[in-house]
Amino acid sequence: MKKIILVLTLLIATTSLYSQTRVAVLPFQNMDGNIDYNILCYDLQESLTTALIEADESGEEYYIVPADSVEMVLSELNLDPSNPQYKSDLWKAVQLLNIKKVVVGTFNKQSDKFLMNTYIYDVKMRMAYPNYQAKDIFKTREQILEAIPEIVSAIQPGLK
C-alpha cells in the first residue's frame with residue numbers, strides 16, 4: 001500500500017509540473033556521529049525546504065518536493081542520514097523522486113559550534129554546482145537554524 005501511495009504521489013507531482021525544475025532537499029548528514037544531534041538532520045531539512053519555497057514568491061522558478069514525500073521515499077529505502085553509507089545510498093532515493101537537482105548538506109560539531117556545508121547537485125551528472133554552495137557556516141546549537149537564510153541566499157540562484 002505504501003508503494004502505491006508513493007508512486008501515485010510522485011506521478012501526480014511529475015505530471016503537474018513539467019515546466020519547473022524539480023528539486024528535493026534531503027535531510028542533512030550528521031558527520032559528528034553523536035546521536036543526540038540526529039534531530040538536526042530533519043530540522044535543517046524542513047527549515048530549508050520551507051525557506052526555499054518561500055523564497056520563490058511566484059512559485060514559477062522551481063518546485064520543491066515536500067519534505068514528507070522525501071521522507072516517504074527515504075523510509076521506503078530504509079535510508080538514515082546518520083548512517084555513514086547515506087551519501088552513497090541517497091542516489092537511489094533521488095532516482096525515485098524524479099528530480100533534476102538535489103540539495104544535500106552536512107554538519108559536524110567542532111568545539112562549541114556546528115560547521116555546516118550545503119550543496120546543490122545536478123542529478124544527471126551527479127556533480128555539485130561549484131558556484132552555488134553554502135560552505136563553512138558556523139553556528140551554536142541554539143543558533144543553528146539561523147543559518148537557513150544564509151544557505152538560501154547562497155544556493156537559491158542555482159535552483160532555477
# chains A, B, ... in the order shown; residues from 1 in each chain; ligands from 1
>>> select_by_dssp(residues="segment 21-125 of chain A", states="helix (DSSP H, G or I)", output="number ranges by chain")
A: 35-55, 67-76, 86-97
>>> residues_around(residues="segment 93-98 of chain A", least_positions_apart="3", cutoff="8 Å", atoms="only C-alpha atoms", output="list in words")
Leu10, Thr14, Arg22, Ala24, Val70, Val73, Leu74, Leu77, Asp89, Leu90, Val102 and Val123 of chain A
>>> closest_atom_pairs(of="segment 67-91 of chain A", to="segment 36-39 of chain A", cutoff="12 Å", atoms="only C-alpha atoms", output="Markdown table")
| residue | atom | partner | partner_atom | distance |
| --- | --- | --- | --- | --- |
| A:Asp80 | CA | A:Asn38 | CA | 9.7 |
| A:Pro81 | CA | A:Asn38 | CA | 8.0 |
| A:Ser82 | CA | A:Asn38 | CA | 6.6 |
| A:Asn83 | CA | A:Asn38 | CA | 10.3 |
>>> write_last_selection(atoms="C-alpha atoms", output="tab-separated table (two decimals), in the first residue's frame")
chain	number	residue	atom	x	y	z
A	80	ASP	CA	19.16	7.04	7.53
A	81	PRO	CA	21.16	10.31	7.39
A	82	SER	CA	23.16	9.24	10.44
A	83	ASN	CA	24.46	6.16	8.61
>>> residues_around(residues="Tyr129 of chain A", least_positions_apart="5", cutoff="10 Å", atoms="only C-alpha atoms", output="list of chain:residue names")
A:Lys101, A:Tyr119, A:Ile120, A:Tyr121, A:Asp122, A:Ile155, A:Gly158, A:Leu159
>>> write_last_selection(atoms="all heavy atoms", output="PDB file, in the first residue's frame")
ATOM      1  N   LYS A 101      17.483  18.414  -9.587  1.00  0.00           N
ATOM      2  CA  LYS A 101      18.508  18.910  -8.671  1.00  0.00           C
ATOM      3  C   LYS A 101      18.180  18.437  -7.263  1.00  0.00           C
ATOM      4  O   LYS A 101      17.017  18.290  -6.891  1.00  0.00           O
ATOM      5  CB  LYS A 101      18.581  20.436  -8.711  1.00  0.00           C
ATOM      6  CG  LYS A 101      19.006  20.958 -10.077  1.00  0.00           C
ATOM      7  CD  LYS A 101      19.067  22.456 -10.119  1.00  0.00           C
ATOM      8  CE  LYS A 101      19.474  22.913 -11.531  1.00  0.00           C
ATOM      9  NZ  LYS A 101      19.533  24.369 -11.611  1.00  0.00           N
ATOM     10  N   TYR A 119      25.120  21.864  -0.482  1.00  0.00           N
ATOM     11  CA  TYR A 119      25.453  21.805  -1.899  1.00  0.00           C
ATOM     12  C   TYR A 119      24.216  21.492  -2.726  1.00  0.00           C
ATOM     13  O   TYR A 119      23.325  20.788  -2.267  1.00  0.00           O
ATOM     14  CB  TYR A 119      26.474  20.692  -2.169  1.00  0.00           C
ATOM     15  CG  TYR A 119      27.682  20.738  -1.283  1.00  0.00           C
ATOM     16  CD1 TYR A 119      27.703  20.056  -0.060  1.00  0.00           C
ATOM     17  CD2 TYR A 119      28.802  21.466  -1.651  1.00  0.00           C
ATOM     18  CE1 TYR A 119      28.816  20.105   0.756  1.00  0.00           C
ATOM     19  CE2 TYR A 119      29.928  21.513  -0.835  1.00  0.00           C
ATOM     20  CZ  TYR A 119      29.927  20.833   0.361  1.00  0.00           C
ATOM     21  OH  TYR A 119      31.032  20.888   1.182  1.00  0.00           O
ATOM     22  N   ILE A 120      24.217  21.975  -3.974  1.00  0.00           N
ATOM     23  CA  ILE A 120      23.215  21.570  -4.953  1.00  0.00           C
ATOM     24  C   ILE A 120      23.922  20.645  -5.932  1.00  0.00           C
ATOM     25  O   ILE A 120      24.994  20.975  -6.434  1.00  0.00           O
ATOM     26  CB  ILE A 120      22.664  22.760  -5.752  1.00  0.00           C
ATOM     27  CG1 ILE A 120      22.033  23.794  -4.839  1.00  0.00           C
ATOM     28  CG2 ILE A 120      21.652  22.277  -6.789  1.00  0.00           C
ATOM     29  CD1 ILE A 120      21.646  25.057  -5.579  1.00  0.00           C
ATOM     30  N   TYR A 121      23.305  19.507  -6.203  1.00  0.00           N
ATOM     31  CA  TYR A 121      23.846  18.563  -7.179  1.00  0.00           C
ATOM     32  C   TYR A 121      22.933  18.477  -8.388  1.00  0.00           C
ATOM     33  O   TYR A 121      21.709  18.448  -8.250  1.00  0.00           O
ATOM     34  CB  TYR A 121      23.959  17.156  -6.580  1.00  0.00           C
ATOM     35  CG  TYR A 121      25.174  16.947  -5.728  1.00  0.00           C
ATOM     36  CD1 TYR A 121      25.173  17.319  -4.388  1.00  0.00           C
ATOM     37  CD2 TYR A 121      26.321  16.375  -6.262  1.00  0.00           C
ATOM     38  CE1 TYR A 121      26.296  17.132  -3.601  1.00  0.00           C
ATOM     39  CE2 TYR A 121      27.446  16.179  -5.477  1.00  0.00           C
ATOM     40  CZ  TYR A 121      27.426  16.561  -4.155  1.00  0.00           C
ATOM     41  OH  TYR A 121      28.544  16.377  -3.384  1.00  0.00           O
ATOM     42  N   ASP A 122      23.537  18.417  -9.550  1.00  0.00           N
ATOM     43  CA  ASP A 122      22.832  18.085 -10.775  1.00  0.00           C
ATOM     44  C   ASP A 122      22.654  16.573 -10.750  1.00  0.00           C
ATOM     45  O   ASP A 122      23.640  15.836 -10.676  1.00  0.00           O
ATOM     46  CB  ASP A 122      23.654  18.519 -11.996  1.00  0.00           C
ATOM     47  CG  ASP A 122      23.003  18.116 -13.306  1.00  0.00           C
ATOM     48  OD1 ASP A 122      23.084  16.911 -13.648  1.00  0.00           O
ATOM     49  OD2 ASP A 122      22.436  18.988 -13.964  1.00  0.00           O
ATOM     50  N   ILE A 155      22.404  29.347  -2.246  1.00  0.00           N
ATOM     51  CA  ILE A 155      22.055  28.271  -3.190  1.00  0.00           C
ATOM     52  C   ILE A 155      20.863  28.558  -4.092  1.00  0.00           C
ATOM     53  O   ILE A 155      20.745  27.968  -5.158  1.00  0.00           O
ATOM     54  CB  ILE A 155      21.828  26.918  -2.466  1.00  0.00           C
ATOM     55  CG1 ILE A 155      20.571  26.931  -1.622  1.00  0.00           C
ATOM     56  CG2 ILE A 155      23.067  26.527  -1.678  1.00  0.00           C
ATOM     57  CD1 ILE A 155      20.163  25.570  -1.086  1.00  0.00           C
ATOM     58  N   GLY A 158      21.027  28.850  -7.916  1.00  0.00           N
ATOM     59  CA  GLY A 158      21.356  27.623  -8.622  1.00  0.00           C
ATOM     60  C   GLY A 158      20.193  26.669  -8.828  1.00  0.00           C
ATOM     61  O   GLY A 158      20.325  25.650  -9.491  1.00  0.00           O
ATOM     62  N   LEU A 159      19.040  26.994  -8.268  1.00  0.00           N
ATOM     63  CA  LEU A 159      17.872  26.114  -8.388  1.00  0.00           C
ATOM     64  C   LEU A 159      17.043  26.402  -9.635  1.00  0.00           C
ATOM     65  O   LEU A 159      16.217  25.596 -10.035  1.00  0.00           O
ATOM     66  CB  LEU A 159      16.974  26.240  -7.163  1.00  0.00           C
ATOM     67  CG  LEU A 159      17.608  25.825  -5.842  1.00  0.00           C
ATOM     68  CD1 LEU A 159      16.626  26.038  -4.702  1.00  0.00           C
ATOM     69  CD2 LEU A 159      18.087  24.395  -5.888  1.00  0.00           C
TER      70      LEU A 159
END
>>> atom_distance(atom1="atom CA of Glu54 of chain A", atom2="atom CA of Phe138 of chain A")
23.7 Å
>>> closest_residue(among="A:Leu115, A:Cys41, A:Ile53, A:Met125", to="Pro27 of chain A", atoms="only C-alpha atoms")
A:Cys41
>>> residues_around(residues="Leu40 of chain A", least_positions_apart="2", cutoff="12 Å", atoms="only C-alpha atoms", output="JSON list (two decimals) with N, CA, C and O atoms, in the first residue's frame")
[["chain", "number", "residue", "atom", "x", "y", "z"],
["A", 27, "PRO", "N", 17.52, 15.26, 4.07],
["A", 27, "PRO", "CA", 17.99, 15.52, 5.43],
["A", 27, "PRO", "C", 19.51, 15.69, 5.44],
["A", 27, "PRO", "O", 20.23, 15.03, 4.70],
["A", 28, "PHE", "N", 19.97, 16.61, 6.27],
["A", 28, "PHE", "CA", 21.41, 16.84, 6.40],
["A", 28, "PHE", "C", 22.06, 15.60, 7.02],
["A", 28, "PHE", "O", 21.42, 14.87, 7.78],
["A", 29, "GLN", "N", 23.32, 15.40, 6.71],
["A", 29, "GLN", "CA", 24.04, 14.26, 7.25],
["A", 29, "GLN", "C", 24.80, 14.68, 8.50],
["A", 29, "GLN", "O", 25.55, 15.67, 8.48],
["A", 30, "ASN", "N", 24.61, 13.93, 9.57],
["A", 30, "ASN", "CA", 25.30, 14.16, 10.83],
["A", 30, "ASN", "C", 26.68, 13.52, 10.75],
["A", 30, "ASN", "O", 26.82, 12.31, 10.89],
["A", 31, "MET", "N", 27.68, 14.33, 10.50],
["A", 31, "MET", "CA", 29.05, 13.82, 10.37],
["A", 31, "MET", "C", 29.72, 13.62, 11.73],
["A", 31, "MET", "O", 30.77, 13.01, 11.82],
["A", 32, "ASP", "N", 29.11, 14.15, 12.77],
["A", 32, "ASP", "CA", 29.68, 14.08, 14.11],
["A", 32, "ASP", "C", 29.58, 12.67, 14.69],
["A", 32, "ASP", "O", 30.48, 12.23, 15.39],
["A", 34, "ASN", "N", 27.40, 11.75, 16.92],
["A", 34, "ASN", "CA", 26.67, 11.81, 18.17],
["A", 34, "ASN", "C", 25.17, 11.77, 17.87],
["A", 34, "ASN", "O", 24.63, 12.67, 17.24],
["A", 35, "ILE", "N", 24.50, 10.71, 18.32],
["A", 35, "ILE", "CA", 23.09, 10.53, 18.00],
["A", 35, "ILE", "C", 22.19, 11.62, 18.61],
["A", 35, "ILE", "O", 21.06, 11.81, 18.15],
["A", 36, "ASP", "N", 22.68, 12.34, 19.60],
["A", 36, "ASP", "CA", 21.91, 13.43, 20.18],
["A", 36, "ASP", "C", 21.63, 14.53, 19.16],
["A", 36, "ASP", "O", 20.72, 15.33, 19.33],
["A", 37, "TYR", "N", 22.42, 14.60, 18.10],
["A", 37, "TYR", "CA", 22.27, 15.64, 17.08],
["A", 37, "TYR", "C", 21.47, 15.17, 15.87],
["A", 37, "TYR", "O", 21.26, 15.94, 14.94],
["A", 38, "ASN", "N", 21.00, 13.93, 15.87],
["A", 38, "ASN", "CA", 20.29, 13.41, 14.70],
["A", 38, "ASN", "C", 19.02, 14.19, 14.37],
["A", 38, "ASN", "O", 18.63, 14.29, 13.21],
["A", 42, "TYR", "N", 16.84, 16.50, 10.34],
["A", 42, "TYR", "CA", 15.49, 16.76, 9.84],
["A", 42, "TYR", "C", 15.06, 18.21, 10.09],
["A", 42, "TYR", "O", 14.34, 18.78, 9.27],
["A", 43, "ASP", "N", 15.49, 18.80, 11.20],
["A", 43, "ASP", "CA", 15.17, 20.20, 11.46],
["A", 43, "ASP", "C", 15.74, 21.10, 10.36],
["A", 43, "ASP", "O", 15.06, 22.01, 9.86],
["A", 44, "LEU", "N", 16.98, 20.84, 9.99],
["A", 44, "LEU", "CA", 17.61, 21.63, 8.93],
["A", 44, "LEU", "C", 16.93, 21.39, 7.58],
["A", 44, "LEU", "O", 16.68, 22.34, 6.82],
["A", 45, "GLN", "N", 16.61, 20.14, 7.29],
["A", 45, "GLN", "CA", 15.92, 19.83, 6.03],
["A", 45, "GLN", "C", 14.58, 20.54, 5.95],
["A", 45, "GLN", "O", 14.27, 21.20, 4.95],
["A", 46, "GLU", "N", 13.76, 20.43, 6.97],
["A", 46, "GLU", "CA", 12.43, 21.03, 6.95],
["A", 46, "GLU", "C", 12.49, 22.55, 6.89],
["A", 46, "GLU", "O", 11.74, 23.18, 6.14],
["A", 47, "SER", "N", 13.40, 23.14, 7.65],
["A", 47, "SER", "CA", 13.54, 24.60, 7.65],
["A", 47, "SER", "C", 14.02, 25.11, 6.29],
["A", 47, "SER", "O", 13.54, 26.12, 5.78],
["A", 48, "LEU", "N", 14.97, 24.40, 5.70],
["A", 48, "LEU", "CA", 15.49, 24.81, 4.40],
["A", 48, "LEU", "C", 14.43, 24.61, 3.31],
["A", 48, "LEU", "O", 14.27, 25.47, 2.44],
["A", 81, "PRO", "N", 20.08, 9.34, 7.56],
["A", 81, "PRO", "CA", 21.16, 10.31, 7.39],
["A", 81, "PRO", "C", 22.28, 10.20, 8.42],
["A", 81, "PRO", "O", 23.34, 10.78, 8.24],
["A", 82, "SER", "N", 22.08, 9.42, 9.47],
["A", 82, "SER", "CA", 23.16, 9.24, 10.44],
["A", 82, "SER", "C", 24.06, 8.06, 10.09],
["A", 82, "SER", "O", 25.09, 7.83, 10.72],
["A", 105, "GLY", "N", 23.21, 18.44, 2.54],
["A", 105, "GLY", "CA", 24.02, 19.19, 3.49],
["A", 105, "GLY", "C", 24.62, 18.28, 4.54],
["A", 105, "GLY", "O", 24.17, 17.15, 4.74],
["A", 106, "THR", "N", 25.64, 18.79, 5.19],
["A", 106, "THR", "CA", 26.29, 18.08, 6.28],
["A", 106, "THR", "C", 26.50, 19.04, 7.45],
["A", 106, "THR", "O", 26.53, 20.26, 7.26],
["A", 107, "PHE", "N", 26.63, 18.46, 8.63],
["A", 107, "PHE", "CA", 27.05, 19.26, 9.78],
["A", 107, "PHE", "C", 27.94, 18.42, 10.67],
["A", 107, "PHE", "O", 27.87, 17.19, 10.67],
["A", 108, "ASN", "N", 28.80, 19.10, 11.38],
["A", 108, "ASN", "CA", 29.76, 18.45, 12.27],
["A", 108, "ASN", "C", 30.02, 19.38, 13.44],
["A", 108, "ASN", "O", 30.26, 20.57, 13.22],
["A", 109, "LYS", "N", 29.99, 18.87, 14.63],
["A", 109, "LYS", "CA", 30.25, 19.71, 15.80],
["A", 109, "LYS", "C", 31.75, 19.87, 15.97],
["A", 109, "LYS", "O", 32.50, 18.90, 15.99],
["A", 114, "PHE", "N", 28.66, 24.27, 15.39],
["A", 114, "PHE", "CA", 28.43, 23.30, 14.33],
["A", 114, "PHE", "C", 28.91, 23.91, 13.01],
["A", 114, "PHE", "O", 28.58, 25.05, 12.69],
["A", 116, "MET", "N", 28.53, 23.76, 9.10],
["A", 116, "MET", "CA", 27.55, 23.29, 8.13],
["A", 116, "MET", "C", 28.01, 23.59, 6.71],
["A", 116, "MET", "O", 28.58, 24.66, 6.45],
["A", 141, "ARG", "N", 24.49, 25.53, 18.77],
["A", 141, "ARG", "CA", 23.28, 24.70, 18.72],
["A", 141, "ARG", "C", 22.02, 25.57, 18.76],
["A", 141, "ARG", "O", 21.07, 25.33, 18.04],
["A", 142, "GLU", "N", 22.06, 26.59, 19.59],
["A", 142, "GLU", "CA", 20.91, 27.47, 19.71],
["A", 142, "GLU", "C", 20.68, 28.31, 18.46],
["A", 142, "GLU", "O", 19.57, 28.72, 18.17],
["A", 143, "GLN", "N", 21.73, 28.57, 17.69],
["A", 143, "GLN", "CA", 21.64, 29.44, 16.52],
["A", 143, "GLN", "C", 21.60, 28.67, 15.19],
["A", 143, "GLN", "O", 21.56, 29.29, 14.14],
["A", 144, "ILE", "N", 21.60, 27.36, 15.23],
["A", 144, "ILE", "CA", 21.81, 26.58, 14.01],
["A", 144, "ILE", "C", 20.78, 26.88, 12.92],
["A", 144, "ILE", "O", 21.13, 26.97, 11.74],
["A", 145, "LEU", "N", 19.53, 27.09, 13.28],
["A", 145, "LEU", "CA", 18.51, 27.37, 12.27],
["A", 145, "LEU", "C", 18.62, 28.80, 11.72],
["A", 145, "LEU", "O", 18.04, 29.11, 10.67]]
>>> closest_residue(among="A:Ala147, A:Leu26, A:Ile137, A:Ala128", to="Ser69 of chain A", atoms="only C-alpha atoms")
A:Leu26
>>> select_by_dssp(residues="chain A", states="strand (DSSP E or B)", output="PyMOL selection string")
chain A and resi 21-25+29-30+62-64+101-110+113-122+127-139
>>> atom_distance(atom1="atom CA of Ala134 of chain A", atom2="atom CA of Ile151 of chain A")
5.3 Å
>>> atom_distance(atom1="atom CA of Tyr86 of chain A", atom2="atom CA of Met127 of chain A")
16.6 Å
>>> closest_residue(among="A:Gln85, A:Ser111, A:Thr21, A:Gln133", to="Glu61 of chain A", atoms="only C-alpha atoms")
A:Thr21
